[in-house]
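To be precise, the following lines are target-v6.tsv, and they hold TSV, C-alpha atoms.
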chain	number	residue	atom	x	y	z
L	1	MET	CA	0.00	0.00	0.00
L	2	ALA	CA	1.25	3.47	-0.88
L	3	ILE	CA	2.28	5.68	2.02
L	4	SER	CA	1.26	9.34	2.15
L	5	ILE	CA	2.92	11.90	4.41
L	6	ARG	CA	0.82	14.65	5.97
L	7	ARG	CA	2.00	17.61	7.98
L	8	LEU	CA	0.48	17.65	11.46
L	9	VAL	CA	-2.23	20.32	11.61
L	10	PRO	CA	-4.88	20.97	14.28
L	11	GLU	CA	-7.48	19.07	12.27
L	12	LEU	CA	-5.41	15.89	12.66
L	13	ALA	CA	-5.38	15.98	16.48
L	14	GLU	CA	-7.70	12.97	16.72
L	15	ASP	CA	-5.56	10.94	14.31
L	16	TYR	CA	-2.47	11.92	16.26
L	17	VAL	CA	-3.66	10.87	19.70
L	18	HIS	CA	-5.26	7.70	18.27
L	19	PHE	CA	-1.91	6.76	16.71
L	20	PHE	CA	-0.25	6.94	20.13
L	21	ASP	CA	-3.25	5.27	21.79
L	22	SER	CA	-2.88	2.25	19.52
L	23	THR	CA	0.88	2.09	18.91
L	24	PRO	CA	2.87	0.21	21.55
L	25	HIS	CA	6.12	1.60	22.87
L	26	ASP	CA	9.20	-0.57	23.08
L	27	ASP	CA	8.26	-2.12	26.41
L	28	ASN	CA	4.53	-2.36	25.58
L	29	VAL	CA	3.68	-0.68	28.88
L	30	ASP	CA	0.78	1.73	28.35
L	31	GLU	CA	1.87	3.88	31.29
L	32	HIS	CA	5.00	4.77	29.31
L	33	LYS	CA	3.15	6.13	26.28
L	34	CYS	CA	4.65	9.54	25.70
L	35	TYR	CA	2.41	11.14	23.05
L	36	CYS	CA	5.61	13.05	22.21
L	37	VAL	CA	4.50	15.87	24.54
L	38	CYS	CA	8.00	16.36	25.90
L	39	TRP	CA	9.37	17.30	22.46
L	40	CYS	CA	7.50	20.50	21.75
L	41	SER	CA	7.79	24.26	21.68
L	42	ASP	CA	6.15	24.72	25.09
L	43	ASP	CA	8.13	25.62	28.19
L	44	SER	CA	7.96	22.56	30.46
L	45	LYS	CA	8.15	24.48	33.75
L	46	GLY	CA	5.16	23.74	35.94
L	47	LYS	CA	3.76	21.04	33.64
L	48	ASP	CA	2.71	17.65	35.02
L	49	PHE	CA	3.38	14.82	32.55
L	50	SER	CA	3.24	12.11	35.23
L	51	THR	CA	0.36	10.00	33.87
L	52	VAL	CA	-0.62	8.73	30.45
L	53	GLU	CA	-3.96	10.55	30.76
L	54	LYS	CA	-2.24	13.88	31.43
L	55	ARG	CA	0.18	13.37	28.53
L	56	ARG	CA	-2.70	12.53	26.19
L	57	ALA	CA	-4.55	15.69	27.23
L	58	TYR	CA	-1.45	17.81	26.67
L	59	ALA	CA	-0.94	16.14	23.27
L	60	TRP	CA	-4.43	17.11	22.12
L	61	GLN	CA	-3.91	20.69	23.36
L	62	TYR	CA	-0.44	20.99	21.85
L	63	VAL	CA	-1.51	19.76	18.41
L	64	LYS	CA	-4.41	22.21	18.42
L	65	GLU	CA	-2.00	25.04	19.37
L	66	GLY	CA	0.78	24.04	16.96
L	67	LYS	CA	3.24	23.36	19.79
L	68	ILE	CA	3.89	19.81	18.60
L	69	GLN	CA	5.00	19.89	14.99
L	70	GLY	CA	5.86	17.14	12.57
L	71	TYR	CA	4.43	14.66	10.11
L	72	LEU	CA	2.17	11.63	10.17
L	73	ALA	CA	2.60	8.78	7.69
L	74	TYR	CA	-0.61	7.19	6.49
L	75	ALA	CA	-1.45	3.86	4.88
L	76	GLY	CA	-4.85	4.65	3.46
L	77	GLN	CA	-6.68	6.46	6.24
L	78	GLN	CA	-4.64	4.87	9.05
L	79	ALA	CA	-1.74	6.72	10.66
L	80	VAL	CA	1.19	4.30	10.82
L	81	GLY	CA	4.17	6.56	11.51
L	82	TRP	CA	5.21	9.84	13.12
L	83	CYS	CA	8.17	12.19	12.94
L	84	ASN	CA	8.54	15.10	15.37
L	85	ALA	CA	10.28	18.01	13.64
L	86	ASN	CA	10.27	21.57	14.92
L	87	THR	CA	12.35	24.73	14.92
L	88	LYS	CA	15.31	24.05	17.23
L	89	SER	CA	15.29	27.45	18.89
L	90	ASP	CA	11.62	26.98	19.84
L	91	CYS	CA	12.26	23.71	21.67
L	92	LEU	CA	15.22	24.37	23.97
L	93	GLU	CA	12.94	24.73	27.00
L	94	CYS	CA	10.95	21.54	26.42
L	95	GLU	CA	11.06	18.75	29.00
L	96	SER	CA	13.01	16.25	26.92
L	97	TRP	CA	15.62	18.77	25.82
L	98	ARG	CA	16.24	19.70	29.45
L	99	ARG	CA	16.45	16.06	30.56
L	100	PHE	CA	18.26	14.28	27.75
L	101	MET	CA	20.05	16.71	25.46
L	102	GLY	CA	22.71	18.07	27.76
L	103	TYR	CA	25.36	16.48	25.55
L	104	VAL	CA	24.30	18.49	22.49
L	105	PRO	CA	26.45	21.58	21.93
L	106	LEU	CA	24.43	24.74	21.56
L	107	GLU	CA	26.95	26.59	19.46
L	108	ASP	CA	25.46	28.63	16.66
L	109	PRO	CA	26.12	26.74	13.41
L	110	GLY	CA	26.23	30.06	11.63
L	111	GLU	CA	25.01	33.56	12.22
L	112	ASP	CA	21.28	33.78	11.48
L	113	SER	CA	21.11	30.08	10.59
L	114	LYS	CA	17.62	28.66	10.90
L	115	VAL	CA	17.68	25.07	12.17
L	116	LYS	CA	14.93	22.46	11.90
L	117	SER	CA	15.40	19.72	14.51
L	118	ILE	CA	14.20	16.14	14.21
L	119	PHE	CA	13.53	14.73	17.66
L	120	CYS	CA	11.61	11.49	17.29
L	121	PHE	CA	10.33	8.74	15.00
L	122	VAL	CA	7.59	6.28	15.91
L	123	VAL	CA	6.42	3.59	13.47
L	124	ALA	CA	3.69	1.04	14.13
L	125	PRO	CA	5.29	-2.39	14.66
L	126	GLU	CA	3.71	-4.01	11.61
L	127	TRP	CA	4.98	-1.18	9.39
L	128	LYS	CA	8.61	-1.12	10.50
L	129	ARG	CA	11.39	-1.79	7.97
L	130	LYS	CA	9.26	-0.58	5.10
L	131	GLY	CA	11.04	2.74	4.55
L	132	ILE	CA	8.49	4.88	6.40
L	133	ALA	CA	11.06	6.70	8.56
L	134	THR	CA	13.06	7.51	5.42
L	135	GLN	CA	9.96	8.91	3.69
L	136	LEU	CA	9.22	11.05	6.74
L	137	LEU	CA	12.83	12.27	6.82
L	138	GLU	CA	12.75	13.18	3.12
L	139	ARG	CA	9.56	15.18	3.61
L	140	VAL	CA	11.00	17.07	6.60
L	141	CYS	CA	14.06	18.05	4.57
L	142	ALA	CA	12.07	19.04	1.46
L	143	ASP	CA	9.68	21.23	3.42
L	144	ALA	CA	12.49	22.75	5.50
L	145	ALA	CA	14.29	23.79	2.32
L	146	ARG	CA	11.12	25.38	0.92
L	147	GLU	CA	10.48	27.18	4.20
L	148	GLY	CA	13.88	28.86	4.34
L	149	PHE	CA	15.67	26.66	6.88
L	150	ASP	CA	19.43	26.43	6.47
L	151	ILE	CA	20.04	23.18	8.36
L	152	VAL	CA	18.15	20.06	9.38
L	153	GLU	CA	19.60	18.59	12.56
L	154	ALA	CA	18.96	15.26	14.32
L	155	TYR	CA	20.22	13.41	17.39
L	156	PRO	CA	20.56	9.62	16.96
L	157	HIS	CA	21.58	7.82	20.12
L	158	LYS	CA	24.41	5.38	20.54
L	159	GLY	CA	23.79	1.81	21.62
L	160	ALA	CA	21.69	1.55	24.76
L	161	TYR	CA	22.13	5.13	25.93
L	162	TYR	CA	18.97	6.39	27.64
L	163	GLN	CA	16.93	3.38	26.51
L	164	ALA	CA	17.01	0.67	23.89
L	165	SER	CA	14.66	2.68	21.70
L	166	ASP	CA	15.70	3.88	18.28
L	167	PHE	CA	13.31	6.84	18.44
L	168	GLY	CA	16.12	9.21	17.47
L	169	GLY	CA	16.52	7.43	14.14
L	170	HIS	CA	19.44	5.34	12.94
L	171	LEU	CA	22.71	7.05	12.07
L	172	GLU	CA	22.92	5.08	8.82
L	173	MET	CA	19.57	6.46	7.63
L	174	TYR	CA	20.78	10.01	8.10
L	175	LEU	CA	24.12	9.42	6.37
L	176	LYS	CA	22.37	7.85	3.37
L	177	ASN	CA	20.22	10.96	3.11
L	178	GLY	CA	23.01	13.52	2.96
L	179	PHE	CA	23.57	14.26	6.66
L	180	GLN	CA	27.03	14.68	8.17
L	181	VAL	CA	28.16	13.99	11.72
L	182	SER	CA	28.94	17.35	13.32
L	183	PHE	CA	29.41	16.12	16.88
L	184	GLU	CA	29.87	12.76	18.60
L	185	ASN	CA	30.38	11.54	22.16
L	186	GLU	CA	29.64	8.39	24.15
L	187	GLN	CA	25.91	9.18	24.26
L	188	GLY	CA	25.14	9.94	20.68
L	189	TYR	CA	25.56	12.10	17.61
L	190	VAL	CA	24.48	15.41	16.22
L	191	VAL	CA	23.98	15.08	12.48
L	192	ARG	CA	23.30	17.93	10.11
L	193	LYS	CA	22.13	18.34	6.56
L	194	TYR	CA	22.90	21.70	4.99
L	195	LEU	CA	20.12	22.84	2.72
L	196	ASN	CA	22.07	25.26	0.58
L	197	GLU	CA	25.26	24.71	-1.40
L	198	GLN	CA	27.13	27.54	0.26
L	199	ALA	CA	26.98	25.96	3.77

Take the structure in the file and give it back as structure tokens.
Amino acid sequence: MAISIRRLVPELAEDYVHFFDSTPHDDNVDEHKCYCVCWCSDDSKGKDFSTVEKRRAYAWQYVKEGKIQGYLAYAGQQAVGWCNANTKSDCLECESWRRFMGYVPLEDPGEDSKVKSIFCFVVAPEWKRKGIATQLLERVCADAAREGFDIVEAYPHKGAYYQASDFGGHLEMYLKNGFQVSFENEQGYVVRKYLNEQA
């Protein structure tokens, strides 16, 4: 079945939360469902993400307000994949950035550079290894170029750092799609794709 990629808009809030409702996480424990609310453009101070019900409610609100941004992959009318991609400078105060991204240098890659960050991929188990993450990545990069971004940046993890999940995407996928490693340590990588020839 052909896959279509749709930008997340407020009208897709129900599809978005249903995708997370029905898609198991790595450990198949419902209490760990994240709804990707901790990768967003909202300041996390004072927010309570402690239960799955609270995270789901925030997810609905954030999609409606445009604070979670990214793309859903569809097989027919069913959402089967997700990529969280947002403007880097808008997400430095989010919960996950504060908790897990301390290893990422915050140096300016260039004066006035506009950076689109890719934070997360989720693909329904039965649709994995069918190229969906790559299609999502290609769409992020194409739209970022059209929208005047200079760089697309992502943060694949190394080995079992943080958790066994591959939600940051595989390094090999990024390298095959024109990204370069700009930083590496024992926790993970920062990879960048420059969207203009002068970079």

Could you name the residues that touch segment 42-55 of chain L at 7 Å or less, counting only C-alpha atoms, but leaving out those on the same chain fewer than 5 positions away, as a list in words?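 My reading of the contact set: Glu31, His32, Lys33, Cys34, Tyr35, Val37, Lys67, Glu93, Cys94 and Glu95 of chain L.
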
Two-atom distance - atom CA of Phe119 of chain L, atom CA of Gly148 of chain L (Å):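 We find that atom CA of Phe119 of chain L and atom CA of Gly148 of chain L lie 19.4 Å from each other.
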
When you draw a straight line from atom CA of Arg98 of chain L to atom CA of Glu147 of chain L, how long is it in Å?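 Straight-line distance from atom CA of Arg98 of chain L to atom CA of Glu147 of chain L works out to 27.0 Å.
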
To one decimal in Å, tell me the separation between atom CA of Pro105 of chain L and atom CA of Val190 of chain L. 8.6 Å

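The list of residues with at least one atom within 6 Å of Trp82 of chain L, based on only C-alpha atoms and without residues fewer than 3 positions apart in the same chain, reads Tyr71, Leu72, Phe121 and Val122 of chain L.
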
Take the point (8.6, 2.2, 8.6) in the file's coordinates, draw a sphere of radius 9 Å around it, and report as a short mmCIF file (atom, residue, chain, number, x, y, z; two decimals) with C-alpha atoms, in the coordinates of the input every protein, DNA or RNA residue with an atom inside or on it, counting only C-alpha atoms.
data_model
loop_
_atom_site.label_atom_id
_atom_site.label_comp_id
_atom_site.auth_asym_id
_atom_site.auth_seq_id
_atom_site.Cartn_x
_atom_site.Cartn_y
_atom_site.Cartn_z
CA ALA L 73 2.60 8.78 7.69
CA VAL L 80 1.19 4.30 10.82
CA GLY L 81 4.17 6.56 11.51
CA VAL L 122 7.59 6.28 15.91
CA VAL L 123 6.42 3.59 13.47
CA ALA L 124 3.69 1.04 14.13
CA PRO L 125 5.29 -2.39 14.66
CA GLU L 126 3.71 -4.01 11.61
CA TRP L 127 4.98 -1.18 9.39
CA LYS L 128 8.61 -1.12 10.50
CA ARG L 129 11.39 -1.79 7.97
CA LYS L 130 9.26 -0.58 5.10
CA GLY L 131 11.04 2.74 4.55
CA ILE L 132 8.49 4.88 6.40
CA ALA L 133 11.06 6.70 8.56
CA THR L 134 13.06 7.51 5.42
CA GLN L 135 9.96 8.91 3.69
#

Counting all atoms listed in the file, find residues at most 9 Å from (22.3, 15.7, 24.0) (file frame) and give them as an mmCIF file with C-alpha atoms, in the coordinates of the input.
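Below is the file result.cif, written as the result:
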data_model
loop_
_atom_site.group_PDB
_atom_site.id
_atom_site.type_symbol
_atom_site.label_atom_id
_atom_site.label_comp_id
_atom_site.auth_asym_id
_atom_site.auth_seq_id
_atom_site.Cartn_x
_atom_site.Cartn_y
_atom_site.Cartn_z
ATOM 1 C CA TRP L 97 15.620 18.770 25.820
ATOM 2 C CA ARG L 99 16.450 16.060 30.560
ATOM 3 C CA PHE L 100 18.260 14.280 27.750
ATOM 4 C CA MET L 101 20.050 16.710 25.460
ATOM 5 C CA GLY L 102 22.710 18.070 27.760
ATOM 6 C CA TYR L 103 25.360 16.480 25.550
ATOM 7 C CA VAL L 104 24.300 18.490 22.490
ATOM 8 C CA PRO L 105 26.450 21.580 21.930
ATOM 9 C CA TYR L 155 20.220 13.410 17.390
ATOM 10 C CA HIS L 157 21.580 7.820 20.120
ATOM 11 C CA GLN L 187 25.910 9.180 24.260
ATOM 12 C CA GLY L 188 25.140 9.940 20.680
ATOM 13 C CA TYR L 189 25.560 12.100 17.610
ATOM 14 C CA VAL L 190 24.480 15.410 16.220
#

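Of the listed residues (L:Lys64, L:Lys158, L:His170, L:Arg139), L:Arg139 comes nearest to Ser4 of chain L; the distances count only C-alpha atoms.
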
Leu12 of chain L surroundings by all atoms listed in the file, 10 Å radius, close-in-sequence under 3 positions cut, as a PDB file with C-alpha atoms, in the frame of the given file:
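Wrote result.pdb, looks like this:
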ATOM      1  CA  ARG L   6       0.820  14.650   5.970  1.00  0.00           C
ATOM      2  CA  ARG L   7       2.000  17.610   7.980  1.00  0.00           C
ATOM      3  CA  LEU L   8       0.480  17.650  11.460  1.00  0.00           C
ATOM      4  CA  VAL L   9      -2.230  20.320  11.610  1.00  0.00           C
ATOM      5  CA  ASP L  15      -5.560  10.940  14.310  1.00  0.00           C
ATOM      6  CA  TYR L  16      -2.470  11.920  16.260  1.00  0.00           C
ATOM      7  CA  VAL L  17      -3.660  10.870  19.700  1.00  0.00           C
ATOM      8  CA  HIS L  18      -5.260   7.700  18.270  1.00  0.00           C
ATOM      9  CA  TRP L  60      -4.430  17.110  22.120  1.00  0.00           C
ATOM     10  CA  VAL L  63      -1.510  19.760  18.410  1.00  0.00           C
ATOM     11  CA  LYS L  64      -4.410  22.210  18.420  1.00  0.00           C
ATOM     12  CA  LEU L  72       2.170  11.630  10.170  1.00  0.00           C
TER      13      LEU L  72
END
